[in-house]
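Containing mmCIF, C-alpha atoms; chains and numbers go by the auth columns: protein_2.cif.
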data_data
#
loop_
_atom_site.group_PDB
_atom_site.id
_atom_site.type_symbol
_atom_site.label_atom_id
_atom_site.label_comp_id
_atom_site.label_asym_id
_atom_site.label_seq_id
_atom_site.Cartn_x
_atom_site.Cartn_y
_atom_site.Cartn_z
_atom_site.B_iso_or_equiv
_atom_site.auth_seq_id
_atom_site.auth_asym_id
ATOM 1 C CA MET A 1 0.000 0.000 0.000 0.00 81 W
ATOM 2 C CA THR A 2 1.154 3.504 -0.841 0.00 82 W
ATOM 3 C CA LEU A 3 2.257 5.596 2.130 0.00 83 W
ATOM 4 C CA ILE A 4 0.410 8.867 2.748 0.00 84 W
ATOM 5 C CA SER A 5 2.021 11.605 4.838 0.00 85 W
ATOM 6 C CA ILE A 6 -0.619 13.698 6.617 0.00 86 W
ATOM 7 C CA ILE A 7 0.763 17.144 7.468 0.00 87 W
ATOM 8 C CA CYS A 8 -0.829 19.430 10.053 0.00 88 W
ATOM 9 C CA GLY A 9 -0.115 22.687 11.813 0.00 89 W
ATOM 10 C CA ALA A 10 -1.336 22.985 15.415 0.00 90 W
ATOM 11 C CA TYR A 11 -1.960 26.229 17.260 0.00 91 W
ATOM 12 C CA ASN A 12 -3.939 26.276 20.515 0.00 92 W
ATOM 13 C CA VAL A 13 -6.268 23.461 19.466 0.00 93 W
ATOM 14 C CA GLU A 14 -6.578 21.651 22.812 0.00 94 W
ATOM 15 C CA LYS A 15 -10.393 21.605 22.593 0.00 95 W
ATOM 16 C CA THR A 16 -10.600 19.862 19.215 0.00 96 W
ATOM 17 C CA LEU A 17 -7.282 18.035 18.941 0.00 97 W
ATOM 18 C CA GLU A 18 -8.272 14.617 20.263 0.00 98 W
ATOM 19 C CA LYS A 19 -11.411 14.296 18.103 0.00 99 W
ATOM 20 C CA SER A 20 -9.434 15.482 15.079 0.00 100 W
ATOM 21 C CA ILE A 21 -6.583 12.986 15.516 0.00 101 W
ATOM 22 C CA GLU A 22 -9.034 10.175 16.263 0.00 102 W
ATOM 23 C CA SER A 23 -10.614 10.826 12.849 0.00 103 W
ATOM 24 C CA ILE A 24 -7.232 10.005 11.298 0.00 104 W
ATOM 25 C CA ILE A 25 -6.697 6.933 13.470 0.00 105 W
ATOM 26 C CA ASN A 26 -10.112 5.648 12.372 0.00 106 W
ATOM 27 C CA GLN A 27 -9.469 5.962 8.634 0.00 107 W
ATOM 28 C CA SER A 28 -10.327 2.904 6.538 0.00 108 W
ATOM 29 C CA TYR A 29 -6.980 3.426 4.758 0.00 109 W
ATOM 30 C CA GLN A 30 -4.260 2.741 7.302 0.00 110 W
ATOM 31 C CA ASN A 31 -0.883 3.180 5.566 0.00 111 W
ATOM 32 C CA TRP A 32 -0.214 6.716 6.744 0.00 112 W
ATOM 33 C CA GLU A 33 2.165 8.738 8.867 0.00 113 W
ATOM 34 C CA LEU A 34 0.877 11.712 10.828 0.00 114 W
ATOM 35 C CA ILE A 35 3.224 14.711 10.979 0.00 115 W
ATOM 36 C CA ILE A 36 2.246 17.602 13.250 0.00 116 W
ATOM 37 C CA CYS A 37 4.109 20.837 13.906 0.00 117 W
ATOM 38 C CA ASP A 38 3.005 22.788 16.982 0.00 118 W
ATOM 39 C CA ASP A 39 3.202 26.419 15.891 0.00 119 W
ATOM 40 C CA GLY A 40 3.981 28.001 19.244 0.00 120 W
ATOM 41 C CA SER A 41 0.868 26.950 21.172 0.00 121 W
ATOM 42 C CA THR A 42 0.338 28.391 24.647 0.00 122 W
ATOM 43 C CA ASP A 43 -2.295 25.902 25.829 0.00 123 W
ATOM 44 C CA SER A 44 -2.008 22.136 26.400 0.00 124 W
ATOM 45 C CA THR A 45 -1.736 21.269 22.700 0.00 125 W
ATOM 46 C CA TRP A 46 1.851 19.958 23.024 0.00 126 W
ATOM 47 C CA ILE A 47 0.984 17.737 26.017 0.00 127 W
ATOM 48 C CA ILE A 48 -1.835 16.112 24.035 0.00 128 W
ATOM 49 C CA LEU A 49 0.463 15.656 21.031 0.00 129 W
ATOM 50 C CA GLU A 50 3.018 13.868 23.203 0.00 130 W
ATOM 51 C CA LYS A 51 0.285 11.482 24.363 0.00 131 W
ATOM 52 C CA TYR A 52 -0.579 10.569 20.783 0.00 132 W
ATOM 53 C CA LYS A 53 3.082 10.263 19.833 0.00 133 W
ATOM 54 C CA SER A 54 3.432 7.687 22.609 0.00 134 W
ATOM 55 C CA LEU A 55 0.282 5.905 21.442 0.00 135 W
ATOM 56 C CA LEU A 56 1.072 5.835 17.711 0.00 136 W
ATOM 57 C CA GLY A 57 4.834 5.367 17.814 0.00 137 W
ATOM 58 C CA LYS A 58 6.512 5.506 14.388 0.00 138 W
ATOM 59 C CA LYS A 59 3.232 6.456 12.711 0.00 139 W
ATOM 60 C CA CYS A 60 3.383 9.881 14.366 0.00 140 W
ATOM 61 C CA LYS A 61 6.046 12.588 14.174 0.00 141 W
ATOM 62 C CA ILE A 62 5.728 15.773 16.242 0.00 142 W
ATOM 63 C CA ILE A 63 7.882 18.886 16.057 0.00 143 W
ATOM 64 C CA LYS A 64 7.404 22.409 17.362 0.00 144 W
ATOM 65 C CA ASN A 65 8.164 26.037 16.564 0.00 145 W
ATOM 66 C CA ASP A 66 9.502 28.146 19.427 0.00 146 W
ATOM 67 C CA ILE A 67 7.208 30.982 18.347 0.00 147 W
ATOM 68 C CA ASN A 68 4.146 31.252 16.127 0.00 148 W
ATOM 69 C CA LYS A 69 5.438 31.391 12.535 0.00 149 W
ATOM 70 C CA GLY A 70 2.337 30.877 10.426 0.00 150 W
ATOM 71 C CA LEU A 71 0.853 27.954 8.517 0.00 151 W
ATOM 72 C CA ASN A 72 3.076 28.212 5.433 0.00 152 W
ATOM 73 C CA ILE A 73 6.362 27.841 7.334 0.00 153 W
ATOM 74 C CA THR A 74 4.842 25.241 9.652 0.00 154 W
ATOM 75 C CA LEU A 75 3.599 23.019 6.821 0.00 155 W
ATOM 76 C CA ASN A 76 6.929 23.283 5.009 0.00 156 W
ATOM 77 C CA ARG A 77 8.662 21.919 8.129 0.00 157 W
ATOM 78 C CA CYS A 78 6.283 18.952 8.032 0.00 158 W
ATOM 79 C CA LEU A 79 6.837 18.481 4.304 0.00 159 W
ATOM 80 C CA LYS A 80 10.623 18.282 4.767 0.00 160 W
ATOM 81 C CA ILE A 81 10.403 15.271 7.091 0.00 161 W
ATOM 82 C CA SER A 82 7.617 13.497 5.214 0.00 162 W
ATOM 83 C CA THR A 83 8.366 10.193 3.478 0.00 163 W
ATOM 84 C CA GLY A 84 5.071 9.327 1.766 0.00 164 W
ATOM 85 C CA GLU A 85 4.384 9.290 -1.952 0.00 165 W
ATOM 86 C CA TYR A 86 1.395 11.537 -1.304 0.00 166 W
ATOM 87 C CA ILE A 87 0.819 14.485 1.023 0.00 167 W
ATOM 88 C CA ALA A 88 -2.553 14.834 2.719 0.00 168 W
ATOM 89 C CA ARG A 89 -3.686 17.999 4.447 0.00 169 W
ATOM 90 C CA HIS A 90 -5.769 18.023 7.590 0.00 170 W
ATOM 91 C CA ASP A 91 -6.545 20.802 10.077 0.00 171 W
ATOM 92 C CA LEU A 92 -6.624 19.928 13.751 0.00 172 W
ATOM 93 C CA ASP A 93 -9.822 21.759 14.575 0.00 173 W
ATOM 94 C CA ASP A 94 -11.627 19.721 11.895 0.00 174 W
ATOM 95 C CA TYR A 95 -12.121 16.020 11.219 0.00 175 W
ATOM 96 C CA SER A 96 -11.874 13.697 8.223 0.00 176 W
ATOM 97 C CA HIS A 97 -14.623 11.201 7.471 0.00 177 W
ATOM 98 C CA PRO A 98 -13.643 7.497 7.740 0.00 178 W
ATOM 99 C CA THR A 99 -13.258 6.742 4.005 0.00 179 W
ATOM 100 C CA ARG A 100 -11.672 10.049 3.014 0.00 180 W
ATOM 101 C CA LEU A 101 -8.099 8.843 2.416 0.00 181 W
ATOM 102 C CA GLU A 102 -9.209 5.554 0.853 0.00 182 W
ATOM 103 C CA GLU A 103 -11.434 7.249 -1.705 0.00 183 W
ATOM 104 C CA GLN A 104 -8.797 9.846 -2.582 0.00 184 W
ATOM 105 C CA ILE A 105 -5.886 7.418 -2.969 0.00 185 W
ATOM 106 C CA ASN A 106 -8.057 5.081 -5.048 0.00 186 W
ATOM 107 C CA PHE A 107 -8.816 7.949 -7.399 0.00 187 W
ATOM 108 C CA LEU A 108 -5.223 9.122 -7.872 0.00 188 W
ATOM 109 C CA GLU A 109 -3.853 5.616 -8.303 0.00 189 W
ATOM 110 C CA VAL A 110 -6.018 5.060 -11.414 0.00 190 W
ATOM 111 C CA ASN A 111 -6.118 8.637 -12.773 0.00 191 W
ATOM 112 C CA ALA A 112 -2.489 9.508 -13.464 0.00 192 W
ATOM 113 C CA GLU A 113 -3.425 12.700 -15.350 0.00 193 W
ATOM 114 C CA PHE A 114 -4.207 14.345 -11.995 0.00 194 W
ATOM 115 C CA CYS A 115 -1.573 15.226 -9.381 0.00 195 W
ATOM 116 C CA MET A 116 -4.015 16.067 -6.591 0.00 196 W
ATOM 117 C CA VAL A 117 -7.554 15.427 -5.456 0.00 197 W
ATOM 118 C CA GLY A 118 -9.791 17.237 -2.999 0.00 198 W
ATOM 119 C CA THR A 119 -13.278 16.651 -1.653 0.00 199 W
ATOM 120 C CA GLY A 120 -16.262 18.669 -0.610 0.00 200 W
ATOM 121 C CA MET A 121 -16.654 19.662 3.027 0.00 201 W
ATOM 122 C CA GLN A 122 -19.378 20.087 5.612 0.00 202 W
ATOM 123 C CA ARG A 123 -19.524 23.305 7.650 0.00 203 W
ATOM 124 C CA GLU A 124 -20.171 22.945 11.358 0.00 204 W
ATOM 125 C CA ASP A 125 -20.689 25.419 14.190 0.00 205 W
ATOM 126 C CA GLU A 126 -22.035 25.189 17.722 0.00 206 W
ATOM 127 C CA THR A 127 -25.502 24.369 16.356 0.00 207 W
ATOM 128 C CA GLY A 128 -24.344 21.481 14.164 0.00 208 W
ATOM 129 C CA ILE A 129 -23.916 21.034 10.393 0.00 209 W
ATOM 130 C CA TRP A 130 -25.200 24.122 8.595 0.00 210 W
ATOM 131 C CA GLY A 131 -23.881 23.794 5.044 0.00 211 W
ATOM 132 C CA HIS A 132 -21.796 22.021 2.420 0.00 212 W
ATOM 133 C CA SER A 133 -19.154 23.273 -0.018 0.00 213 W
ATOM 134 C CA ILE A 134 -18.654 21.164 -3.155 0.00 214 W
ATOM 135 C CA PRO A 135 -15.875 22.545 -5.407 0.00 215 W
ATOM 136 C CA PRO A 136 -15.900 22.075 -9.209 0.00 216 W
ATOM 137 C CA GLN A 137 -15.155 18.502 -10.292 0.00 217 W
ATOM 138 C CA ASN A 138 -12.392 19.204 -12.818 0.00 218 W
ATOM 139 C CA PRO A 139 -11.157 22.768 -12.323 0.00 219 W
ATOM 140 C CA ASP A 140 -9.552 24.517 -15.303 0.00 220 W
ATOM 141 C CA LYS A 141 -7.805 27.885 -15.262 0.00 221 W
ATOM 142 C CA ASN A 142 -11.093 29.785 -15.400 0.00 222 W
ATOM 143 C CA SER A 143 -12.191 28.037 -12.198 0.00 223 W
ATOM 144 C CA PHE A 144 -9.683 30.268 -10.372 0.00 224 W
ATOM 145 C CA ILE A 145 -11.440 33.499 -11.322 0.00 225 W
ATOM 146 C CA LYS A 146 -13.999 33.679 -8.521 0.00 226 W
ATOM 147 C CA GLY A 147 -11.809 32.047 -5.862 0.00 227 W
ATOM 148 C CA SER A 148 -9.865 28.932 -4.962 0.00 228 W
ATOM 149 C CA PRO A 149 -11.342 25.855 -6.710 0.00 229 W
ATOM 150 C CA PHE A 150 -10.049 23.514 -3.984 0.00 230 W
ATOM 151 C CA CYS A 151 -10.694 23.142 -0.232 0.00 231 W
ATOM 152 C CA HIS A 152 -7.148 23.177 1.156 0.00 232 W
ATOM 153 C CA ALA A 153 -7.635 20.956 4.207 0.00 233 W
ATOM 154 C CA THR A 154 -9.203 18.180 2.103 0.00 234 W
ATOM 155 C CA MET A 155 -6.352 17.816 -0.395 0.00 235 W
ATOM 156 C CA LEU A 156 -4.250 14.769 -1.258 0.00 236 W
ATOM 157 C CA ILE A 157 -1.273 15.809 -3.411 0.00 237 W
ATOM 158 C CA ASN A 158 1.581 14.024 -5.165 0.00 238 W
ATOM 159 C CA ARG A 159 4.592 14.758 -2.948 0.00 239 W
ATOM 160 C CA SER A 160 7.032 14.941 -5.862 0.00 240 W
ATOM 161 C CA VAL A 161 5.035 17.829 -7.347 0.00 241 W
ATOM 162 C CA MET A 162 5.138 19.765 -4.086 0.00 242 W
ATOM 163 C CA ILE A 163 8.885 19.182 -3.748 0.00 243 W
ATOM 164 C CA GLU A 164 9.437 20.251 -7.370 0.00 244 W
ATOM 165 C CA LEU A 165 7.629 23.535 -6.673 0.00 245 W
ATOM 166 C CA GLY A 166 9.409 24.171 -3.363 0.00 246 W
ATOM 167 C CA GLY A 167 6.371 23.583 -1.162 0.00 247 W
ATOM 168 C CA TYR A 168 4.353 26.495 0.154 0.00 248 W
ATOM 169 C CA SER A 169 5.531 30.035 -0.454 0.00 249 W
ATOM 170 C CA GLU A 170 6.876 31.592 2.757 0.00 250 W
ATOM 171 C CA SER A 171 6.385 35.153 1.527 0.00 251 W
ATOM 172 C CA LEU A 172 4.379 37.419 3.829 0.00 252 W
ATOM 173 C CA ASN A 173 2.283 38.259 0.762 0.00 253 W
ATOM 174 C CA THR A 174 0.891 34.717 0.671 0.00 254 W
ATOM 175 C CA LEU A 175 0.116 34.312 4.377 0.00 255 W
ATOM 176 C CA ARG A 176 -3.368 32.796 4.859 0.00 256 W
ATOM 177 C CA VAL A 177 -3.638 32.255 1.092 0.00 257 W
ATOM 178 C CA GLU A 178 -0.614 29.971 0.707 0.00 258 W
ATOM 179 C CA ASP A 179 -2.870 27.234 -0.685 0.00 259 W
ATOM 180 C CA TYR A 180 -4.361 29.470 -3.413 0.00 260 W
ATOM 181 C CA ASP A 181 -0.835 30.494 -4.401 0.00 261 W
ATOM 182 C CA LEU A 182 0.230 26.824 -4.588 0.00 262 W
ATOM 183 C CA TRP A 183 -2.699 25.871 -6.835 0.00 263 W
ATOM 184 C CA PHE A 184 -1.816 28.680 -9.244 0.00 264 W
ATOM 185 C CA ARG A 185 1.790 27.457 -9.405 0.00 265 W
ATOM 186 C CA ILE A 186 0.720 23.832 -9.899 0.00 266 W
ATOM 187 C CA TYR A 187 -1.509 24.762 -12.831 0.00 267 W
ATOM 188 C CA GLU A 188 1.109 27.125 -14.265 0.00 268 W
ATOM 189 C CA VAL A 189 3.522 24.221 -14.878 0.00 269 W
ATOM 190 C CA GLY A 190 0.858 22.016 -16.450 0.00 270 W
ATOM 191 C CA PHE A 191 -0.408 19.835 -13.599 0.00 271 W
ATOM 192 C CA LYS A 192 -4.082 19.671 -12.696 0.00 272 W
ATOM 193 C CA GLY A 193 -6.415 18.530 -9.930 0.00 273 W
ATOM 194 C CA HIS A 194 -9.814 16.930 -9.367 0.00 274 W
ATOM 195 C CA ASN A 195 -12.492 17.188 -6.668 0.00 275 W
ATOM 196 C CA LEU A 196 -14.582 14.238 -5.512 0.00 276 W
ATOM 197 C CA GLN A 197 -18.189 15.398 -5.535 0.00 277 W
ATOM 198 C CA LYS A 198 -19.016 14.498 -1.955 0.00 278 W
ATOM 199 C CA SER A 199 -18.282 15.838 1.524 0.00 279 W
ATOM 200 C CA LEU A 200 -15.604 13.697 3.151 0.00 280 W
ATOM 201 C CA TYR A 201 -14.422 16.323 5.621 0.00 281 W
ATOM 202 C CA THR A 202 -16.041 18.482 8.298 0.00 282 W
ATOM 203 C CA MET A 203 -14.706 21.974 8.932 0.00 283 W
ATOM 204 C CA LEU A 204 -15.297 23.901 12.146 0.00 284 W
ATOM 205 C CA ASP A 205 -16.713 27.149 10.748 0.00 285 W
ATOM 206 C CA ASP A 206 -18.221 29.160 13.580 0.00 286 W
ATOM 207 C CA ARG A 207 -20.086 32.434 13.473 0.00 287 W
ATOM 208 C CA ASN A 208 -16.957 34.442 14.287 0.00 288 W
ATOM 209 C CA ALA A 209 -14.769 32.987 11.524 0.00 289 W
ATOM 210 C CA TYR A 210 -15.215 36.070 9.348 0.00 290 W
ATOM 211 C CA ASN A 211 -13.989 38.340 12.139 0.00 291 W
ATOM 212 C CA ARG A 212 -10.694 36.436 12.311 0.00 292 W
ATOM 213 C CA ARG A 213 -9.888 37.170 8.653 0.00 293 W
ATOM 214 C CA LYS A 214 -8.040 40.465 8.951 0.00 294 W
ATOM 215 C CA TYR A 215 -8.119 42.900 6.061 0.00 295 W
ATOM 216 C CA LYS A 216 -4.389 42.438 5.411 0.00 296 W
ATOM 217 C CA TYR A 217 -5.130 38.837 4.449 0.00 297 W
ATOM 218 C CA ARG A 218 -7.775 40.093 2.016 0.00 298 W
ATOM 219 C CA VAL A 219 -5.018 42.216 0.509 0.00 299 W
ATOM 220 C CA ASN A 220 -2.817 39.109 0.267 0.00 300 W
ATOM 221 C CA GLU A 221 -5.595 37.269 -1.565 0.00 301 W
ATOM 222 C CA PHE A 222 -5.904 40.176 -4.003 0.00 302 W
ATOM 223 C CA LYS A 223 -2.155 40.068 -4.713 0.00 303 W
ATOM 224 C CA VAL A 224 -2.127 36.295 -5.185 0.00 304 W
ATOM 225 C CA LYS A 225 -5.138 36.439 -7.537 0.00 305 W
ATOM 226 C CA LEU A 226 -3.703 39.230 -9.656 0.00 306 W
ATOM 227 C CA LYS A 227 -0.350 37.452 -9.970 0.00 307 W
ATOM 228 C CA GLY A 228 -2.055 34.104 -10.562 0.00 308 W
ATOM 229 C CA PHE A 229 -4.275 35.490 -13.332 0.00 309 W
ATOM 230 C CA TYR A 230 -1.104 36.578 -15.118 0.00 310 W
ATOM 231 C CA LYS A 231 0.584 33.183 -14.612 0.00 311 W
ATOM 232 C CA LEU A 232 -2.378 31.291 -16.086 0.00 312 W
ATOM 233 C CA LYS A 233 -2.916 33.862 -18.848 0.00 313 W
ATOM 234 C CA ILE A 234 -6.520 34.411 -17.801 0.00 314 W
ATOM 235 C CA ASN A 235 -8.345 36.833 -20.103 0.00 315 W
ATOM 236 C CA LEU A 236 -7.909 40.446 -19.001 0.00 316 W
ATOM 237 C CA ILE A 237 -11.676 41.006 -18.971 0.00 317 W
ATOM 238 C CA TYR A 238 -11.760 39.006 -15.721 0.00 318 W
ATOM 239 C CA THR A 239 -9.221 41.243 -13.940 0.00 319 W
ATOM 240 C CA PRO A 240 -11.946 43.014 -11.873 0.00 320 W
ATOM 241 C CA TRP A 241 -12.560 39.670 -10.081 0.00 321 W
ATOM 242 C CA ALA A 242 -9.127 40.042 -8.506 0.00 322 W
ATOM 243 C CA PHE A 243 -10.505 42.979 -6.494 0.00 323 W
ATOM 244 C CA LYS A 244 -13.309 40.884 -4.963 0.00 324 W
ATOM 245 C CA PRO A 245 -11.411 40.149 -1.686 0.00 325 W
ATOM 246 C CA LEU A 246 -10.856 43.870 -1.091 0.00 326 W
ATOM 247 C CA ILE A 247 -14.554 44.612 -1.602 0.00 327 W
ATOM 248 C CA VAL A 248 -15.732 41.662 0.515 0.00 328 W
ATOM 249 C CA GLY A 249 -13.508 42.855 3.354 0.00 329 W
ATOM 250 C CA LEU A 250 -15.491 46.103 3.526 0.00 330 W
ATOM 251 C CA ILE A 251 -18.932 44.477 3.837 0.00 331 W
ATOM 252 C CA PRO A 252 -20.409 44.622 7.383 0.00 332 W
ATOM 253 C CA PHE A 253 -20.057 41.296 9.201 0.00 333 W
ATOM 254 C CA LYS A 254 -23.769 40.590 9.687 0.00 334 W
ATOM 255 C CA VAL A 255 -24.554 41.238 6.019 0.00 335 W
ATOM 256 C CA TYR A 256 -21.625 39.173 4.764 0.00 336 W
ATOM 257 C CA ASN A 257 -22.357 36.293 7.122 0.00 337 W
ATOM 258 C CA ALA A 258 -26.014 36.103 6.048 0.00 338 W
ATOM 259 C CA ILE A 259 -25.067 36.067 2.348 0.00 339 W
ATOM 260 C CA ARG A 260 -22.308 33.515 2.875 0.00 340 W
ATOM 261 C CA ARG A 261 -24.463 31.076 4.824 0.00 341 W
ATOM 262 C CA LYS A 262 -27.265 31.290 2.275 0.00 342 W
ATOM 263 C CA TYR A 263 -24.800 30.644 -0.559 0.00 343 W
ATOM 264 C CA ILE A 264 -23.110 27.661 1.102 0.00 344 W
ATOM 265 C CA LYS A 265 -26.399 26.032 2.117 0.00 345 W
#

Reformat the file's structure so that it appears as structure tokens.
Amino acid sequence: MTLISIICGAYNVEKTLEKSIESIINQSYQNWELIICDDGSTDSTWIILEKYKSLLGKKCKIIKNDINKGLNITLNRCLKISTGEYIARHDLDDYSHPTRLEEQINFLEVNAEFCMVGTGMQREDETGIWGHSIPPQNPDKNSFIKGSPFCHATMLINRSVMIELGGYSESLNTLRVEDYDLWFRIYEVGFKGHNLQKSLYTMLDDRNAYNRRKYKYRVNEFKVKLKGFYKLKINLIYTPWAFKPLIVGLIPFKVYNAIRRKYIK
């Protein structure tokens, strides 16, 4: 069986960490290694990670940053010590459904024209599941116009492609949109991805999620989109779409949240 390296950043996730890791342990596909980098947590995250390292042995690798450095740098540290043929993403305040890895690896193993595969995701808050996001099945360059055509935390990616491209950009201009930047670079060199048309992942997406997305990260998304449009030679008539993140960032929270929830449902 092909080895999958699951890479995760952890930052103050003591409340969700155990349920999240258990969702990996309970996968129907079992040939994986779990690699977690604690990104400067100040709660009991590291203590819980040590417990799972003891439980899982060689299947689990844990490392830590002395200070919070951001997801891009943290994931690159995980990537450097990974040994699998494929890299899976997983966030430690979310959980993967039991057949997620099995369905993704089965797809890539028989569809060599794709270097990565994602899935749809459920959205969950304190009231339960409130929506689903199903990305386009076979994204082309025009799928990037309105936003990222992949759900980052659901992805399974050929490791050799990520190594070839140098992993995630560590530029401050890609912080919080490092995945979007990576997809642009993957498509620029001729690779492509696919999305399974089902939700195999549940994302914790509470009512305050919008508030945590600072305007500077909206600016980063604008920069990545504008640069990415150029890389993929997207028709200039679509350039105004690059400004969408800047406009969205100015919409009052209550209005934006109502629109967003209606759209995702």

*Name the residues that the PyMOL selection byres ((chain W and resi 300) around 7) pulls out of this structure, and write them as number ranges by chain.*
W: 253-255, 257, 296-299, 301-304

*Pick from W:Glu193, W:Val93, W:Cys117, W:Ser213: nearest to Ile153 of chain W, with all atoms listed in the file counted?*
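For Ile153 of chain W, the nearest of the candidates is W:Cys117.
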
*Specify as a ChimeraX atom specification each residue included when the PyMOL selection byres ((chain W and resi 167-184) around 7) is applied to this file.*
/W:84-90,93,96-97,100,103-104,106-109,164-166,185-188,197,233-239,280-284

*Please measure the separation of atom CA of Glu94 of chain W and atom CA of Ser124 of chain W, giving the value in Å to one decimal.*
5.8 Å

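This file, queried with the PyMOL selection byres ((chain W and resi 263) around 9), gives the residues Phe224, Ser228, Pro229, Phe230, Glu258, Asp259, Tyr260, Asp261, Leu262, Phe264, Arg265, Ile266, Tyr267, Glu268, Lys272 and Gly273 of chain W.
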
Limited to C-alpha atoms, could you put the picked residues into a file as a short mmCIF file (atom, residue, chain, number, x, y, z; two decimals), in the frame of the given file?
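Heads up, here's the output in again.cif:
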data_model
loop_
_atom_site.label_atom_id
_atom_site.label_comp_id
_atom_site.auth_asym_id
_atom_site.auth_seq_id
_atom_site.Cartn_x
_atom_site.Cartn_y
_atom_site.Cartn_z
CA PHE W 224 -9.68 30.27 -10.37
CA SER W 228 -9.86 28.93 -4.96
CA PRO W 229 -11.34 25.86 -6.71
CA PHE W 230 -10.05 23.51 -3.98
CA GLU W 258 -0.61 29.97 0.71
CA ASP W 259 -2.87 27.23 -0.68
CA TYR W 260 -4.36 29.47 -3.41
CA ASP W 261 -0.84 30.49 -4.40
CA LEU W 262 0.23 26.82 -4.59
CA PHE W 264 -1.82 28.68 -9.24
CA ARG W 265 1.79 27.46 -9.40
CA ILE W 266 0.72 23.83 -9.90
CA TYR W 267 -1.51 24.76 -12.83
CA GLU W 268 1.11 27.12 -14.26
CA LYS W 272 -4.08 19.67 -12.70
CA GLY W 273 -6.42 18.53 -9.93
#

Would you compute, for all listed atoms of segment 231-242 of chain W, the axis-aligned bounding box grown by 5 Å on each side, and then report its centre and edge lengths in Å rounded to one decimal, as lines of an AutoDock Vina configuration file?
center_x = -1.8
center_y = 18.6
center_z = -1.6
size_x = 27.7
size_y = 19.2
size_z = 21.6

*Please measure the separation of atom CA of Leu136 of chain W and atom CA of Gln202 of chain W, giving the value in Å to one decimal.*
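For atom CA of Leu136 of chain W relative to atom CA of Gln202 of chain W, the distance reads 27.7 Å.
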
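Among the candidates W:Asp146, W:Glu250, W:Asp285, W:Asp123, the residue lying nearest to Arg203 of chain W is W:Asp285 (atoms considered: all atoms listed in the file).
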
*From the list W:Gly308, W:Ser279, W:Pro332, W:Ile142, which residue is nearest Gly200 of chain W when using only C-alpha atoms?*
W:Ser279

_Measuring between all atoms listed in the file, which one of W:Lys294, W:Lys99, W:His274, W:Lys226 shows the shortest distance to Thr319 of chain W?_
W:Lys226

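Taking atom CA of Tyr132 of chain W and atom CA of Ile161 of chain W as the two end points, the separation is 18.2 Å.
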
*Sphere at (5.7, 32.4, 12.1), radius 12 Å, counting only C-alpha atoms: residues as an MDAnalysis selection string*: chainID W and resid 89 91 117:121 144:157 250:252 255:256

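Comparing the minimum interatomic distances between Phe194 of chain W and each of W:Val241, W:Ile225, W:Ile116, W:Leu306, counting all atoms listed in the file, we find that W:Val241 sits nearest.
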
*Which one of W:Cys140, W:Asn222, W:Gly247, W:Ala192 sits closest to Ile314 of chain W if you count only C-alpha atoms?*
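Looking at the shortest contact to Ile314 of chain W, the residue is W:Asn222.
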
Would you fill the gaps in segment 244-252 of chain W so it has N, CA, C and O atoms, then print it as a tab-separated table (two decimals), keeping the file's coordinate frame?
chain	number	residue	atom	x	y	z
W	244	GLU	N	8.99	19.58	-6.14
W	244	GLU	CA	9.44	20.25	-7.37
W	244	GLU	C	9.16	21.75	-7.32
W	244	GLU	O	9.97	22.57	-7.79
W	245	LEU	N	8.02	22.13	-6.73
W	245	LEU	CA	7.63	23.54	-6.67
W	245	LEU	C	8.12	24.25	-5.41
W	245	LEU	O	7.84	25.42	-5.21
W	246	GLY	N	8.86	23.55	-4.56
W	246	GLY	CA	9.41	24.17	-3.36
W	246	GLY	C	8.43	24.30	-2.22
W	246	GLY	O	8.65	25.11	-1.30
W	247	GLY	N	7.35	23.54	-2.25
W	247	GLY	CA	6.37	23.58	-1.16
W	247	GLY	C	5.57	24.87	-1.16
W	247	GLY	O	5.36	25.50	-2.20
W	248	TYR	N	5.14	25.27	0.02
W	248	TYR	CA	4.35	26.50	0.15
W	248	TYR	C	5.26	27.71	0.12
W	248	TYR	O	6.37	27.69	0.67
W	249	SER	N	4.79	28.78	-0.49
W	249	SER	CA	5.53	30.04	-0.45
W	249	SER	C	5.58	30.54	0.98
W	249	SER	O	4.58	30.48	1.70
W	250	GLU	N	6.73	31.04	1.41
W	250	GLU	CA	6.88	31.59	2.76
W	250	GLU	C	6.88	33.12	2.75
W	250	GLU	O	7.19	33.75	3.75
W	251	SER	N	6.49	33.70	1.63
W	251	SER	CA	6.38	35.15	1.53
W	251	SER	C	5.25	35.66	2.41
W	251	SER	O	4.19	35.02	2.53
W	252	LEU	N	5.45	36.81	3.02
W	252	LEU	CA	4.38	37.42	3.83
W	252	LEU	C	3.16	37.76	2.97
W	252	LEU	O	2.04	37.85	3.47
